[in-house]
Structures are given as C-alpha cells and as structure tokens.
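coords12.pdb follows (PDB, C-alpha atoms, pLDDT in the B column):
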ATOM      1  CA  MET A   1       0.000   0.000   0.000  1.00 66.00           C
ATOM      2  CA  GLN A   2       1.143   3.518  -0.721  1.00 84.00           C
ATOM      3  CA  LYS A   3       1.818   5.813   2.207  1.00 93.00           C
ATOM      4  CA  LYS A   4      -0.599   8.730   2.585  1.00 95.00           C
ATOM      5  CA  VAL A   5       1.279  12.049   2.464  1.00 96.00           C
ATOM      6  CA  ILE A   6      -0.096  15.023   4.379  1.00 96.00           C
ATOM      7  CA  GLU A   7       1.541  18.349   3.560  1.00 95.00           C
ATOM      8  CA  LYS A   8       1.321  19.887   7.047  1.00 95.00           C
ATOM      9  CA  PRO A   9      -0.136  18.970  10.450  1.00 96.00           C
ATOM     10  CA  GLU A  10      -2.997  21.489  10.193  1.00 96.00           C
ATOM     11  CA  ILE A  11      -4.488  19.476   7.317  1.00 97.00           C
ATOM     12  CA  PHE A  12      -5.458  16.733   9.771  1.00 98.00           C
ATOM     13  CA  LYS A  13      -8.182  19.104  11.070  1.00 97.00           C
ATOM     14  CA  ASN A  14      -9.947  18.656   7.691  1.00 97.00           C
ATOM     15  CA  MET A  15      -9.511  14.866   7.775  1.00 97.00           C
ATOM     16  CA  VAL A  16     -11.605  13.981  10.843  1.00 98.00           C
ATOM     17  CA  GLY A  17     -13.419  10.718  10.153  1.00 97.00           C
ATOM     18  CA  GLU A  18     -11.121   9.796   7.275  1.00 97.00           C
ATOM     19  CA  PHE A  19      -9.586   6.343   6.956  1.00 98.00           C
ATOM     20  CA  LEU A  20      -5.846   6.745   6.375  1.00 98.00           C
ATOM     21  CA  GLY A  21      -5.043   3.181   5.402  1.00 97.00           C
ATOM     22  CA  TYR A  22      -3.551  -0.148   6.341  1.00 97.00           C
ATOM     23  CA  SER A  23       0.027  -0.942   7.305  1.00 98.00           C
ATOM     24  CA  ASP A  24       1.875  -3.906   5.857  1.00 97.00           C
ATOM     25  CA  TRP A  25       1.314  -7.309   7.431  1.00 98.00           C
ATOM     26  CA  LYS A  26       3.891  -8.210  10.075  1.00 98.00           C
ATOM     27  CA  LEU A  27       4.734 -11.751  11.141  1.00 98.00           C
ATOM     28  CA  VAL A  28       4.972 -12.094  14.941  1.00 98.00           C
ATOM     29  CA  THR A  29       7.746 -14.559  15.738  1.00 98.00           C
ATOM     30  CA  GLN A  30       8.774 -16.316  18.936  1.00 98.00           C
ATOM     31  CA  LYS A  31      12.111 -14.500  18.807  1.00 98.00           C
ATOM     32  CA  GLU A  32      10.318 -11.128  18.919  1.00 98.00           C
ATOM     33  CA  ILE A  33       8.035 -12.324  21.722  1.00 98.00           C
ATOM     34  CA  ASN A  34      11.083 -13.481  23.709  1.00 98.00           C
ATOM     35  CA  ASN A  35      12.900 -10.196  23.067  1.00 98.00           C
ATOM     36  CA  PHE A  36       9.884  -8.261  24.322  1.00 98.00           C
ATOM     37  CA  ALA A  37       9.709 -10.508  27.389  1.00 98.00           C
ATOM     38  CA  SER A  38      13.372  -9.728  28.097  1.00 98.00           C
ATOM     39  CA  ALA A  39      12.872  -6.000  27.627  1.00 98.00           C
ATOM     40  CA  THR A  40       9.861  -5.864  29.943  1.00 97.00           C
ATOM     41  CA  GLU A  41      10.812  -8.713  32.290  1.00 98.00           C
ATOM     42  CA  ASP A  42       7.412 -10.282  31.673  1.00 97.00           C
ATOM     43  CA  PHE A  43       8.217 -13.980  31.368  1.00 98.00           C
ATOM     44  CA  GLN A  44       4.752 -15.497  31.828  1.00 97.00           C
ATOM     45  CA  TRP A  45       4.830 -19.019  30.437  1.00 98.00           C
ATOM     46  CA  ILE A  46       1.999 -18.258  27.983  1.00 98.00           C
ATOM     47  CA  HIS A  47       4.477 -16.008  26.152  1.00 98.00           C
ATOM     48  CA  VAL A  48       7.817 -17.786  26.390  1.00 98.00           C
ATOM     49  CA  ASN A  49       7.397 -21.476  27.229  1.00 98.00           C
ATOM     50  CA  GLU A  50       6.632 -23.113  23.902  1.00 98.00           C
ATOM     51  CA  LYS A  51       6.418 -26.677  25.269  1.00 98.00           C
ATOM     52  CA  LYS A  52       4.040 -25.791  28.099  1.00 98.00           C
ATOM     53  CA  ALA A  53       1.946 -23.595  25.789  1.00 98.00           C
ATOM     54  CA  ALA A  54       1.612 -26.477  23.299  1.00 98.00           C
ATOM     55  CA  THR A  55      -0.014 -28.675  25.933  1.00 98.00           C
ATOM     56  CA  GLU A  56      -1.619 -26.302  28.473  1.00 97.00           C
ATOM     57  CA  SER A  57      -2.613 -23.195  26.533  1.00 97.00           C
ATOM     58  CA  PRO A  58      -6.068 -23.074  24.937  1.00 96.00           C
ATOM     59  CA  PHE A  59      -4.255 -21.668  21.863  1.00 96.00           C
ATOM     60  CA  LYS A  60      -1.763 -24.613  21.701  1.00 97.00           C
ATOM     61  CA  ASN A  61       0.999 -22.082  21.104  1.00 98.00           C
ATOM     62  CA  THR A  62       2.553 -19.067  22.794  1.00 98.00           C
ATOM     63  CA  ILE A  63       0.898 -15.681  22.455  1.00 98.00           C
ATOM     64  CA  ALA A  64       2.433 -12.240  22.108  1.00 98.00           C
ATOM     65  CA  HIS A  65       2.153  -9.787  24.972  1.00 98.00           C
ATOM     66  CA  GLY A  66      -0.691  -7.343  24.411  1.00 97.00           C
ATOM     67  CA  TYR A  67       1.746  -4.515  24.984  1.00 97.00           C
ATOM     68  CA  TYR A  68       4.012  -5.930  22.272  1.00 98.00           C
ATOM     69  CA  SER A  69       1.239  -5.427  19.723  1.00 97.00           C
ATOM     70  CA  LEU A  70       0.602  -1.966  21.158  1.00 96.00           C
ATOM     71  CA  SER A  71       4.318  -1.115  20.903  1.00 97.00           C
ATOM     72  CA  LEU A  72       4.215  -1.691  17.138  1.00 98.00           C
ATOM     73  CA  ILE A  73       1.852   1.250  16.603  1.00 97.00           C
ATOM     74  CA  PRO A  74       4.651   3.754  15.773  1.00 95.00           C
ATOM     75  CA  LYS A  75       6.025   1.321  13.147  1.00 97.00           C
ATOM     76  CA  PHE A  76       2.581   0.870  11.639  1.00 97.00           C
ATOM     77  CA  ILE A  77       1.829   4.620  11.621  1.00 96.00           C
ATOM     78  CA  ASN A  78       5.105   5.207   9.774  1.00 95.00           C
ATOM     79  CA  GLU A  79       3.967   2.751   7.101  1.00 97.00           C
ATOM     80  CA  VAL A  80       0.528   4.389   6.714  1.00 98.00           C
ATOM     81  CA  TRP A  81       1.134   8.131   6.707  1.00 97.00           C
ATOM     82  CA  GLU A  82       3.837  10.767   6.484  1.00 94.00           C
ATOM     83  CA  CYS A  83       3.456  14.438   7.322  1.00 94.00           C
ATOM     84  CA  LYS A  84       5.636  16.931   5.486  1.00 92.00           C
ATOM     85  CA  ASN A  85       6.695  20.181   7.177  1.00 91.00           C
ATOM     86  CA  LEU A  86       6.728  18.413  10.517  1.00 92.00           C
ATOM     87  CA  LYS A  87       9.453  19.260  13.029  1.00 93.00           C
ATOM     88  CA  LEU A  88       8.413  17.078  15.952  1.00 93.00           C
ATOM     89  CA  VAL A  89       5.873  14.410  16.920  1.00 94.00           C
ATOM     90  CA  LEU A  90       5.270  13.634  20.589  1.00 94.00           C
ATOM     91  CA  ASN A  91       3.379  10.598  21.824  1.00 93.00           C
ATOM     92  CA  TYR A  92       0.792  12.311  24.008  1.00 95.00           C
ATOM     93  CA  GLY A  93      -0.925   9.206  25.320  1.00 94.00           C
ATOM     94  CA  THR A  94      -3.847   6.923  24.723  1.00 93.00           C
ATOM     95  CA  ASP A  95      -7.469   7.576  25.616  1.00 90.00           C
ATOM     96  CA  LYS A  96      -8.609   3.996  25.282  1.00 93.00           C
ATOM     97  CA  ILE A  97      -6.936   0.640  24.740  1.00 97.00           C
ATOM     98  CA  ARG A  98      -8.789  -2.656  24.462  1.00 97.00           C
ATOM     99  CA  PHE A  99      -7.015  -5.994  24.041  1.00 98.00           C
ATOM    100  CA  ILE A 100      -9.647  -7.978  22.172  1.00 98.00           C
ATOM    101  CA  SER A 101      -8.027 -11.144  20.785  1.00 98.00           C
ATOM    102  CA  PRO A 102      -4.679 -12.816  21.458  1.00 98.00           C
ATOM    103  CA  VAL A 103      -1.947 -12.686  18.839  1.00 98.00           C
ATOM    104  CA  ILE A 104      -0.721 -16.251  18.566  1.00 98.00           C
ATOM    105  CA  CYS A 105       2.911 -16.828  17.685  1.00 98.00           C
ATOM    106  CA  ASN A 106       3.353 -16.782  13.884  1.00 98.00           C
ATOM    107  CA  ASN A 107       0.155 -14.793  13.311  1.00 98.00           C
ATOM    108  CA  GLN A 108       0.408 -11.841  10.966  1.00 98.00           C
ATOM    109  CA  ILE A 109      -0.894  -8.485  12.156  1.00 98.00           C
ATOM    110  CA  ARG A 110      -1.405  -5.045  10.637  1.00 98.00           C
ATOM    111  CA  ALA A 111      -2.904  -1.703  11.603  1.00 98.00           C
ATOM    112  CA  ALA A 112      -5.982   0.015  10.218  1.00 98.00           C
ATOM    113  CA  ILE A 113      -5.724   3.733  11.010  1.00 98.00           C
ATOM    114  CA  SER A 114      -8.333   6.512  10.962  1.00 98.00           C
ATOM    115  CA  VAL A 115      -8.428  10.132  12.128  1.00 98.00           C
ATOM    116  CA  LEU A 116     -10.837  10.570  15.055  1.00 98.00           C
ATOM    117  CA  ASP A 117     -10.036  14.207  15.843  1.00 98.00           C
ATOM    118  CA  ALA A 118      -7.475  16.939  15.221  1.00 98.00           C
ATOM    119  CA  LYS A 119      -7.373  20.303  16.945  1.00 98.00           C
ATOM    120  CA  ASP A 120      -5.040  23.142  17.847  1.00 97.00           C
ATOM    121  CA  TYR A 121      -3.302  22.413  21.134  1.00 97.00           C
ATOM    122  CA  LYS A 122      -0.247  23.838  22.924  1.00 94.00           C
ATOM    123  CA  GLY A 123       1.144  25.394  19.742  1.00 95.00           C
ATOM    124  CA  GLY A 124       0.690  22.229  17.683  1.00 97.00           C
ATOM    125  CA  ILE A 125      -1.987  19.889  16.430  1.00 98.00           C
ATOM    126  CA  LEU A 126      -3.348  17.234  18.781  1.00 98.00           C
ATOM    127  CA  LEU A 127      -4.184  14.280  16.551  1.00 98.00           C
ATOM    128  CA  THR A 128      -6.446  11.533  17.888  1.00 98.00           C
ATOM    129  CA  SER A 129      -6.214   8.356  15.832  1.00 98.00           C
ATOM    130  CA  LYS A 130      -8.281   5.180  15.926  1.00 98.00           C
ATOM    131  CA  ILE A 131      -5.926   2.247  15.464  1.00 98.00           C
ATOM    132  CA  ASN A 132      -7.129  -1.313  15.176  1.00 98.00           C
ATOM    133  CA  ILE A 133      -4.475  -4.017  15.075  1.00 98.00           C
ATOM    134  CA  GLU A 134      -5.938  -6.746  12.883  1.00 98.00           C
ATOM    135  CA  ILE A 135      -4.963 -10.419  12.801  1.00 98.00           C
ATOM    136  CA  LYS A 136      -4.794 -11.994   9.352  1.00 98.00           C
ATOM    137  CA  ASN A 137      -7.714 -14.400   8.737  1.00 98.00           C
ATOM    138  CA  SER A 138      -9.485 -13.333  11.936  1.00 97.00           C
ATOM    139  CA  GLU A 139     -12.726 -11.392  12.189  1.00 96.00           C
ATOM    140  CA  ARG A 140     -11.816  -9.899  15.562  1.00 97.00           C
ATOM    141  CA  PRO A 141      -8.921  -7.464  15.992  1.00 98.00           C
ATOM    142  CA  ALA A 142      -6.065  -8.026  18.414  1.00 98.00           C
ATOM    143  CA  LEU A 143      -6.544  -4.590  19.899  1.00 98.00           C
ATOM    144  CA  SER A 144      -8.182  -1.244  19.442  1.00 98.00           C
ATOM    145  CA  ALA A 145      -6.643   2.001  20.660  1.00 98.00           C
ATOM    146  CA  ASN A 146      -7.386   5.725  20.474  1.00 98.00           C
ATOM    147  CA  THR A 147      -3.947   7.299  20.405  1.00 97.00           C
ATOM    148  CA  LEU A 148      -2.931  10.935  20.908  1.00 97.00           C
ATOM    149  CA  SER A 149      -0.052  12.528  19.031  1.00 97.00           C
ATOM    150  CA  LEU A 150       1.071  16.137  19.337  1.00 97.00           C
ATOM    151  CA  LEU A 151       2.394  17.375  15.985  1.00 97.00           C
ATOM    152  CA  PHE A 152       4.517  20.516  15.631  1.00 96.00           C
ATOM    153  CA  SER A 153       5.375  22.229  12.348  1.00 91.00           C
TER     154      SER A 153
END
Any chance you could give the structure as structure tokens?
Amino acid sequence: MQKKVIEKPEIFKNMVGEFLGYSDWKLVTQKEINNFASATEDFQWIHVNEKKAATESPFKNTIAHGYYSLSLIPKFINEVWECKNLKLVLNYGTDKIRFISPVICNNQIRAAISVLDAKDYKGGILLTSKINIEIKNSERPALSANTLSLLFS
C-alpha cells in the first residue's frame, strides 16, 4: 500500500473521520516475543514457554504480549502516513486501549488507522487516531486504541 502524504499537520483538522489506510502485514515470531519478554521482564509461560503452551494453553501455542502489539503502533503509523513540514511528533498518550483477541505466535498483524479528531493544542496539532491491530484471517482485531499525538510544524 502507498503511504498517505499530508503536507502539514494542520491538514489533519480537515480529515476527521477519514480512513488513512492499512500498514503492511507483520509476522509475529517467537524470537520477537522473547525479546519483548526480556525488555519488559514479563516472562509469563503463555508467552515464552513453547512446550508448556503447546499442551496447556487453549491456543496450543505461545501468544504475544498485548503490549508488544501496542508497541508496534509507531512502526505501523510510519507505514501508513507521512506528514511533510513536521518538526516534531510527541506521543501524548492513549485515551482507550482494548485488548480484544490474542496474537498467537506466527500470526500476521497489521494496523488500520483513521483520524478521530485533530485540533489546535499547545502550539501544535493534537491528533487523535483510531488504530485497530488486525490479525490476518481473523474477524476480531487483536486490539483497538485511540492514540494521541502532538504534531509541531
């Protein structure tokens, strides 16, 4: 998919309700799950113990941490849109996060991104995005989040 190019942050104010696009599909591997476990020191067996997960997990495999999927949002945004004449982007938070379905090891995921709101704020544009992380061949998303980004030109 081709990246959507926005000429300046103020243009987002005219894009409220607009679907910006899909990111590329990303394969979630056990190596990445293990690396995330190491970074966060979250070693629950459901994430890192492949043998135990194969026999005791209802998914018969390990699952990615919910926060791992959430942490991929900046990567996915970068694949979906680019804003020209932008000096700085600050992650300003998240209004709502829902972890809906587990991402099973070796699933592919991608983001679907829309503009929920954009307004002048603290000398920049406060962009509220709706981001659903989809799982390939699944009707239910992995997660849904309303993210806040402060854009300065």
#### Entry: Output of the PyMOL selection byres ((chain A and resi 3) around 12), listed as a ChimeraX atom specification
/A:1-2,4-6,20-24,76-83,113
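Here CA of His65 (chain A) is placed at a distance of 7.2 Å from CA of Ile33 (chain A).
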### Query
So which residues get picked by the PyMOL selection byres ((chain A and resi 93) around 10) here, written as number ranges by chain?
A: 90-92, 94-96, 128, 146-150
Resulting file, chosen residues, C-alpha atoms, as an mmCIF file, keeping the file's coordinate frame:
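File result13.cif, as written:
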data_model
loop_
_atom_site.group_PDB
_atom_site.id
_atom_site.type_symbol
_atom_site.label_atom_id
_atom_site.label_comp_id
_atom_site.auth_asym_id
_atom_site.auth_seq_id
_atom_site.Cartn_x
_atom_site.Cartn_y
_atom_site.Cartn_z
ATOM 1 C CA LEU A 90 5.270 13.634 20.589
ATOM 2 C CA ASN A 91 3.379 10.598 21.824
ATOM 3 C CA TYR A 92 0.792 12.311 24.008
ATOM 4 C CA THR A 94 -3.847 6.923 24.723
ATOM 5 C CA ASP A 95 -7.469 7.576 25.616
ATOM 6 C CA LYS A 96 -8.609 3.996 25.282
ATOM 7 C CA THR A 128 -6.446 11.533 17.888
ATOM 8 C CA ASN A 146 -7.386 5.725 20.474
ATOM 9 C CA THR A 147 -3.947 7.299 20.405
ATOM 10 C CA LEU A 148 -2.931 10.935 20.908
ATOM 11 C CA SER A 149 -0.052 12.528 19.031
ATOM 12 C CA LEU A 150 1.071 16.137 19.337
#
Close residues, region 36-53 of chain A itself excluded, 12 Å, all atoms listed in the file, min 2 positions apart in chain, as a PDB file with C-alpha atoms, in the coordinates of the input:
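After the write, out-v5.pdb holds the following:
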ATOM      1  CA  VAL A  28       4.972 -12.094  14.941  1.00 98.00           C
ATOM      2  CA  THR A  29       7.746 -14.559  15.738  1.00 98.00           C
ATOM      3  CA  GLN A  30       8.774 -16.316  18.936  1.00 98.00           C
ATOM      4  CA  LYS A  31      12.111 -14.500  18.807  1.00 98.00           C
ATOM      5  CA  GLU A  32      10.318 -11.128  18.919  1.00 98.00           C
ATOM      6  CA  ILE A  33       8.035 -12.324  21.722  1.00 98.00           C
ATOM      7  CA  ASN A  34      11.083 -13.481  23.709  1.00 98.00           C
ATOM      8  CA  THR A  55      -0.014 -28.675  25.933  1.00 98.00           C
ATOM      9  CA  GLU A  56      -1.619 -26.302  28.473  1.00 97.00           C
ATOM     10  CA  SER A  57      -2.613 -23.195  26.533  1.00 97.00           C
ATOM     11  CA  PRO A  58      -6.068 -23.074  24.937  1.00 96.00           C
ATOM     12  CA  PHE A  59      -4.255 -21.668  21.863  1.00 96.00           C
ATOM     13  CA  LYS A  60      -1.763 -24.613  21.701  1.00 97.00           C
ATOM     14  CA  ASN A  61       0.999 -22.082  21.104  1.00 98.00           C
ATOM     15  CA  THR A  62       2.553 -19.067  22.794  1.00 98.00           C
ATOM     16  CA  ILE A  63       0.898 -15.681  22.455  1.00 98.00           C
ATOM     17  CA  ALA A  64       2.433 -12.240  22.108  1.00 98.00           C
ATOM     18  CA  HIS A  65       2.153  -9.787  24.972  1.00 98.00           C
ATOM     19  CA  GLY A  66      -0.691  -7.343  24.411  1.00 97.00           C
ATOM     20  CA  TYR A  67       1.746  -4.515  24.984  1.00 97.00           C
ATOM     21  CA  TYR A  68       4.012  -5.930  22.272  1.00 98.00           C
ATOM     22  CA  SER A  69       1.239  -5.427  19.723  1.00 97.00           C
ATOM     23  CA  LEU A  70       0.602  -1.966  21.158  1.00 96.00           C
ATOM     24  CA  SER A  71       4.318  -1.115  20.903  1.00 97.00           C
ATOM     25  CA  LEU A  72       4.215  -1.691  17.138  1.00 98.00           C
ATOM     26  CA  PRO A 102      -4.679 -12.816  21.458  1.00 98.00           C
ATOM     27  CA  VAL A 103      -1.947 -12.686  18.839  1.00 98.00           C
ATOM     28  CA  ILE A 104      -0.721 -16.251  18.566  1.00 98.00           C
ATOM     29  CA  CYS A 105       2.911 -16.828  17.685  1.00 98.00           C
TER      30      CYS A 105
END
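Going from CA of Lys87 (chain A) over to CA of Leu151 (chain A), you cover 7.9 Å.
Of the residues listed (A:Asn137, A:Ser129, A:Asn35, A:Ser144), A:Asn137 shows the shortest atom-to-atom separation from Gln108 (chain A); distances use only C-alpha atoms.
Using all atoms listed in the file for every distance, the candidate list A:Glu134, A:Lys84, A:Phe19, A:Leu27 yields A:Lys84 as the residue closest to Glu7 (chain A).
Here CA of Ser101 (chain A) and CA of Ala145 (chain A) stand 13.2 Å from one another.
Compared by their closest atoms to Asn14 (chain A), and using only C-alpha atoms, the residues A:Tyr121, A:Ser153, A:Ile131, A:Val115 rank with A:Val115 nearest.
Of the listed residues (A:Lys75, A:Arg140, A:Lys130, A:Arg98), A:Lys130 comes nearest to Ala118 (chain A); the distances count only C-alpha atoms.
Of the listed residues A:Met15, A:Ile73, A:Leu86, A:Phe152, the one whose atoms come nearest to Ile125 (chain A) is A:Phe152, with distances taken using all atoms listed in the file.
Closest approach to Glu10 (chain A) among A:Phe99, A:Asn132, A:Arg110, A:Asp117 is made by A:Asp117 (distances from only C-alpha atoms).
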